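Novice: Have a look at the structure that comes next, please.
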Amino acid sequence: MTVHNIRHGDAFDGGADAVGGRLSRVDGPAKITGAAKYAVEQQLKGLTYAALVESTIASGKVRAIDSKAAEAAPGVLKVLTPDTIISLRSASDWFGTPPPDKPYCPLARDITFSGQHVAAVVAETFEQAVAAAALVKVSYDETPAIVDLSDGKAGDGIPVDAMTKEWGDASAAFASAPVRICAAYNTPREYQAPMEPHGLIARWEGDHLTVWEPSQWLDGMARTYAEWFAVPFENVRLVSPYVGGGFGSKALALSHGAIAASAAKMLGRPVRLVMTRPQTFTSYGGRAATRQTVTIGADRDGMIQSIVHRGVNETSIDGMWVEPLGSVTSIMYATPNFSSKQNVVRVNSVVPGAMRAPGENPSAFGIESAIDELAYEVGIDPLEIRLKNYAEQDPHAKKAWSTRQLREAFAAGAERFGWARRTAEPRSMRDGNQLIGWGVAAGTYPVRRAYGEAMVRILADGSVEVESSSIDMGQGTYTILAQTAAETVGVSADDVVVKLGDSRFPRAGVTGGSRLAGVMTGAVHKAATSALDQLIGLAISDPRSPFHTLQANTLVVANGRIGSPRGDGPDVSIAELLKSIGRDRIEATGDTMPANSTAEDRYKNYTTIAMALPHTEGDYSRHSWCAHFVEVRVDEDFGTVRVSRVVSALDSGRLYNPKLAESQWKGGIIMGIGQALLEEGIVDRRHGRIVNNNLADYLVPTNADVPEIEVISVGIPDLHSSVLGGKGVGELAIVGMAPAIANAVFHATGKRIRDLPITLEKLI
Amino acid sequence: MTSKTTIPVHLDINGQRHTLELEPRVTLLDALRDRLGLTGTKKGCDHGQCGACTVHVDGERVLACLTLAAQAAGRTITTIEGLAREGELHPVQAAFLEQDAFQCGYCTPGQIMSAVACIREGHAGSDEEIREYMAGNLCRCGAYPHIVAAVRQAALEAAS
Amino acid sequence: MRDFSYLRATSVDAARQAAALPGAMLLAGGTTLIDLAKCGVAEPDTLVDITHLKGLDRIEIDERGAIIGALARMGHVADHDDIKSRFPAISEALWQAASAQIRNMATIGGNLMQRTRCPYFRDPSNFSACNKRVSGSGCSAIGGVTRGHAVLGTSDACIAMYPGDLATVLVAFDATVRLGDRHIRVDDFFLLPGTTPDREHAIEPGEMITAIEIPSSAAAHRSTYLKVRDRQSYEFAAASAAVGLELESDGRTIRDLRVALGGVATKPWRARAVEAALKGKVLEPEAVRAASLLAVEGAVDHGANHYKIELAPRVVARAILKMGETA
């Protein structure tokens with residue numbers, strides 16, 4: 001196939017069915033009719049229901065658990081405590097680091113955060129389990145907790161040397177720079193809050209475990225379950241046909257999964273455990289709270305001479321999460337001198353985790369706010385100063401960009417937005433009580449690459465089946481893999497059935513870091529090409545084939561029919577051909593692993609992230625890019641900020657399906673609106689507990705908070721990034737949204753808000 | 001004094017009558033999902049904070065998570081499974097597909113049930129009105145602009 | 001949720017009698033009660049379902065005023081043409097409350113019984129101290145996360161904010177609650193926390209709200225409800241104001257003014273000082289802004305909720321000025 005000379009990700013060689021076409025979601029009909037069964041919606045015979053009991057202190061020890069009342073409650077089958085739960089083995093981490101040789105207990109005796117699971121109740125019905133869980137009485141010996149980054153006991157934290165990036169002499173250059181900007185930027189704890197809460201159904205049959213669980217990584221989670229229960233990897237089956245949103249939070253097997261699977265084993269019955277919404281705030285980590293200081297030294301004409309960046313993020317008492325805060329800082333702008341360092345600080349919280357663009361997101365809030373401050377300081381338009389300091393190559397890796405359509409993004413976005421009509425002065429645009437501000441910021445996300453595997457089957461009726469253990473949590477995997485198989489084999493997308501979300505299918509690595517589309521389109525393309533080659537080979541060589549006498553070198557398949565390239569000779573459907581040669585199917589498994597990969601390599605590739613390829617591997621530095629242009633309206637009296645207009649231009653390389661990519665971009669932009677204006681986990685400092693742990697108090701945007709959003713694709717195919725030329729889509733668009741809004745708020749009000757979210761009390 | 005144990009509850013759902021033996025505390029949402037296998041109605045928060053469990057009771061949109069099943073006895077209940085007629089998508093469903101008004105799909109049945117009612121109530125007169133009257137259905141994937149487009153499209157179709 | 005019995009009431013009298021028994025509670029729309037039962041805050045033994053009672057959902061309007069049946073649902077009242085034209089603030093308060101789904105469930109009577117959103121009140125398993133739940137157990141909110149707590153009407157025992165919108169309008173326009181034959185002013189129906197924050201309403205066992213009555217007035221006819229919040233919709237107020245205005249025939253002198261605040265107090269808060277300061281005065285922005293500051297006289301903040309003291313008078317002033325601009 002040809003992928004040259006395609007601009008802006010549009011379909012080039014076909015309609016909606018082809019890669020690049022605007023095919024509607026193939027999983028759509030199931031989702032809009034309620035037919036789509038999500039993981040915990042399986043109706044199993046003998047199903048029992050579990051409910052969790054959580055710690056109400058943030059630090060200390062469980063003194064005693066009184067479960068008598070719960071055990072006596074109607075319908076209760078079992079109360080699990082640290083003393084009664086079966087013993088598990090420790091599991092390796094997601095790098096595959098061998099685990100410590102010690103038991104693992106998912107119910108805690110030593111409490112390191114509020115909301116830690118300490119017991120669980122299993123009953124015949126959901127209502128009975130929940131009611132009985134409330135009867136479990138836990139007493140504690142409490143010790144003082146470190147509640148957050150500003151806690152006096154928190155200290156400066158632990159340096160993360162791997163995060164240090166330095167070139168030139170940043171301090172000296174800063175000291176001698178004529179213009180100096182120095183400011184601190186903070187982001188709070190934020191939560192993924194997918195609409196589908198975490199949960200699972202676990203069922204044992206002998207030493208085989210089936211887990212129905214929303215998952216961004218079936219094979220990785222299966223590995224963890226297998227290690228916990230000391231059974232072979234093959235004995236664990238993860239099923240996750242639809243995933244109700246993840247945003248980074250559903251990639252790893254978590255302690256609640258271990259509890260449910262233990263309970264199922266102990267009871268000999270399937271167990272369903274679904275978190276309550278409040279539990280989703282403490283049972284796994286959201287985005288870590290971060291603090292950054294960004295100093296920029298520049299010439300009077302706005303040319304950056306030095307950037308010095310220091311970052312800190314929260315981690316837990318016994319877990320390690322590094323939110324790479326220098327990731328955007330080190331590549332967005334050209335600077336001859338640079339220094340970035342990072343510490344992590346241990347606090348009594350659940351270990352933070354991945355949330356849409358971990359690292360890049362808060363990093364961009366720092367640098368994209370700071371350069372805006374520099375623009376005002378030197379009196380240069382915020383868009384112009386970004387172009388002035390444009391990095392022509394990766395300033396850190398010192399490598400060429402694979403593709404970087406950021407200049408094009410600035411140009412296209414500015415034109416559509418009408419940026420040229422902006423008045424420079426803060427508080428210079430107004431509509432009655434409303435101050436109007438326009439802001440711009442850029443975003444970026446690295447292209448994470450890995451290897452994938454897929455099965456493509458051409459069936460007797462001419463239809464095509466694709467199987468992969470990858471998942472669709474709304475990014476459109478079902479659809480783009482149908483398009484890839486349809487285009488590669490030469491059938492209509494209607495004739496392709498994509499099966500995902502079962503670890504028995506050919507394996508896939510993590511769906512995270514915006515890597516899946518690039519990985520899986522490559523794998524399906526390869527498997528489909530191989531199936532097609534087999535089909536054509538048989539058509540030419542099988543004596544029963546109508547093409548056998550044609551002596552052709554090759555044949556072509558289009559619209560489900562096979563014929564010669566010149567159009568002479570027979571023209572038969574795939575079904576007719578298969579019938580004539582007596583085959584009921586043609587099957588090919590394809591993977592993009594390096595040749596000579598061993599079984600061990602494959603296992604490692606699909607169940608850990610250790611084999612992911614660095615985005616700067618080889619000669620190029622690979623990233624997606626975007627530019628956001630935002631209008632806000634700030635009520636002068638009330639301090640309320642409403643985003644009234646967004647135009648974003650984005651470079652995700654080639655788009656496999658622009659209709660779905662645009663949706664994902666807008667989703668990232670909207671999550672960015674929430675981050676900028678609403679979202680903050682608020683800690684009660686006396687209890688070390690998040691008190692707004694629900695969807696009425698942890699505010700995510702509603703429909704009424706979101707204006708019309710225009711997205712423009714400026715990407716070009718990037719074959720250094722993926723087989724078919726795409727870069728990343730899912731994470732990109734949230735990066736830079738919060739600073740674009742904060743910059744617009746400054747333009748509207750003259751107030752620079754460096755602590756997210758920008759709530760009304762910060763502006764009145 | 002009635003008994004605290006189970007009581008018979010007759011529910012009229014999507015034109016079908018179901019009789020269940022339920023504890024009075026069982027919500028309509030859990031009755032649909034856990035007892036009847038009607039899992040199209042979703043549980044997102046269980047506290048009336050997200051709208052994922054929106055169903056129609058006597059033709060009006062309500063939250064199944066804050067409705068006791070026993071309370072709904074004697075009323076007419078419609079869930080997402082009952083919206084399409086004889087395999088034909090409801091115009092709102094078709095508009096959601098065409099406008100790509102969903103991603104993960106978890107809030108989608110609630111959005112669609114809410115949208116059907118929003119149009120019927122006469123609250124789909126402008127984009128601004130649609131946004132306000134669809135604000136009780138959270139969507140973390142951020143499909144809102146496309147939901148507005150789908151409701152607008154279906155409302156225009158209904159009006160013509 | 002604890003197990004309970006379910007009883008479907010067949011008449012108002014039967015409902016009252018059943019609900020008078022210990023452990024029994026009336027169940028209307030359920031949007032507060034079922035929510036709080038799931039939180040472990042409400043632990044009824046029996047729920048008496050009154051939603052199937054006939055005739056209690058009527059909305060009657062004549063020149064004397066409006067009588068809204070206790071089981072009329074919020075959404076229906078908000079959309080009622082005569083309510084919209086003659087009591088616009090009521091319609092505006094209702095459509096800005098909660099979500100369309102909740103408004104279809106929640107009744108007017110139930111709305112008056114809505115409980116606070118204080119996170120400490122709502123989480124008994126983590127915060128055992130709450131004088132509203134258990135008298136004398138203490139207040140977890142004081143010294144805690146207070147961004148959403150009241151600045152007016154608080155006591156040492158409780159700073160929980162009253163979260164409703166409708167009742168804010170009702171106190172502005174001197175509405176009364178009908179508890180069968182007993183009628184009580186809405187302003188008196190809601191109690192200050194004082195030393196007994198567990199007692200929120202002047203309602204006795206065996207009593208049931210049957211209707212609310214709002215007298216007609218020129219001010220109610222020219223009224224608005226302005227709600228300011230972090231999120232554009234589906235959220236409780238950071239501060240809100242119900243305002244009604246009647247001008248003299250000169251079109252600029254204030255004859256009657258009604259002002260009440262929401263989102264800032266422990267009960268719906270009538271701001272009589274603002275009304276008194278402006279009655280008889282010419283309506284002009286400076287005077288309105290100055291008088292609006294009186295709305296928060298005596299306010300006490302608990303740190304994070306200080307902004308409400310700044311915000312509330314601005315909301316009041318904006319609402320009055322907006323009414324002044326309407327012809």
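Ordering of the structure tokens sets the chain letters (A, B, ...), residue numbers begin anew at 1 in every chain, and ligands are numbered from 1 in the order given.
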Using only C-alpha atoms, find each residue of chain A with at least one atom at most 6 Å away from an atom of chain C; report its shortest atom-to-atom pair and that distance in Å (one decimal), sort the rows by chain and rising residue number, and return the result as a Markdown table.
Specialist:
```
| residue | atom | partner | partner_atom | distance |
| --- | --- | --- | --- | --- |
| A:Thr56 | CA | C:Asn126 | CA | 5.3 |
| A:Ala131 | CA | C:Met1 | CA | 5.3 |
| A:Asp684 | CA | C:Val145 | CA | 5.7 |
| A:Ala704 | CA | C:Gln232 | CA | 5.8 |
| A:Asp705 | CA | C:Gln232 | CA | 5.4 |
| A:Glu761 | CA | C:Tyr307 | CA | 5.6 |
```
Novice: With N, CA and C atoms kept, could you save the residues just selected as a short mmCIF file (atom, residue, chain, number, x, y, z; two decimals), in the first residue's frame?
Specialist:
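Writing done, so here's part-v3.cif:
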```cif
data_model
loop_
_atom_site.label_atom_id
_atom_site.label_comp_id
_atom_site.auth_asym_id
_atom_site.auth_seq_id
_atom_site.Cartn_x
_atom_site.Cartn_y
_atom_site.Cartn_z
N THR A 56 -9.95 3.90 58.17
CA THR A 56 -10.43 5.25 58.41
C THR A 56 -9.33 6.13 59.01
N ALA A 131 -24.42 -4.05 53.39
CA ALA A 131 -24.93 -3.83 54.74
C ALA A 131 -24.02 -4.49 55.77
N ASP A 684 -8.49 16.48 53.97
CA ASP A 684 -8.67 16.92 55.35
C ASP A 684 -7.33 16.68 56.05
N ALA A 704 -22.73 21.49 30.22
CA ALA A 704 -22.91 22.94 30.23
C ALA A 704 -21.59 23.72 30.39
N ASP A 705 -20.53 23.01 30.76
CA ASP A 705 -19.23 23.68 30.94
C ASP A 705 -18.41 23.72 29.66
N GLU A 761 -12.46 31.81 44.09
CA GLU A 761 -11.88 32.60 45.18
C GLU A 761 -10.48 33.11 44.86
#
```
Novice: Could I get the residues of chain B with an atom no further than 6 Å from an atom of chain A, each paired with its nearest atom pair and that distance in Å to one decimal, using only C-alpha atoms, sorted by chain and residue number, as a tab-separated table?
Specialist:
```
residue	atom	partner	partner_atom	distance
B:Gly40	CA	A:Gly34	CA	3.8
B:Gly44	CA	A:Met195	CA	5.3
B:Cys45	CA	A:Arg277	CA	5.2
B:Gln49	CA	A:Ala696	CA	5.5
B:Ile80	CA	A:Gly34	CA	5.8
B:Glu81	CA	A:Gly34	CA	5.7
B:Gln93	CA	A:Ile32	CA	5.9
B:Gln103	CA	A:Gly474	CA	3.9
B:Cys104	CA	A:Gly474	CA	3.7
B:Gly105	CA	A:Lys31	CA	5.5
B:Tyr106	CA	A:Gly244	CA	4.9
B:Arg131	CA	A:Ala704	CA	4.6
B:Glu132	CA	A:Ala704	CA	5.2
B:Ala135	CA	A:Asn703	CA	4.9
B:Leu138	CA	A:Thr702	CA	5.7
B:Arg140	CA	A:Pro194	CA	5.9
B:Cys141	CA	A:Gly667	CA	5.2
B:Gly142	CA	A:Gly667	CA	4.0
B:Tyr144	CA	A:Asn703	CA	5.3
```
Novice: Please return, as a PyMOL selection string, all residues of range 487-560 of chain A that DSSP assigns to alpha helix (DSSP H) on the basis of the backbone.
Specialist: chain A and resi 487-489+516-541
Novice: Contacts from chain B to chain C, 6 Å maximum, only C-alpha atoms: show me the residue list as a PDB file with C-alpha atoms, in the first residue's frame.
Specialist:
```
ATOM      1  CA  LYS B   4     -38.569  -6.824  56.377  1.00  0.00           C
ATOM      2  CA  PRO B  24     -37.495  -3.476  49.844  1.00  0.00           C
ATOM      3  CA  HIS B  47     -25.801   8.379  44.448  1.00  0.00           C
ATOM      4  CA  ARG B  61     -36.363  10.522  32.865  1.00  0.00           C
ATOM      5  CA  VAL B  62     -35.376   9.564  36.397  1.00  0.00           C
ATOM      6  CA  LEU B  66     -32.238   6.522  43.834  1.00  0.00           C
ATOM      7  CA  GLY B 136     -27.132  15.762  34.558  1.00  0.00           C
TER       8      GLY B 136
END
```
Novice: Enter the distance from CA of Ala265 in chain C to CA of Ser223 in chain C, in Å, rounded to one decimal.
Specialist: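 Separation between CA of Ala265 in chain C and CA of Ser223 in chain C: 20.9 Å.
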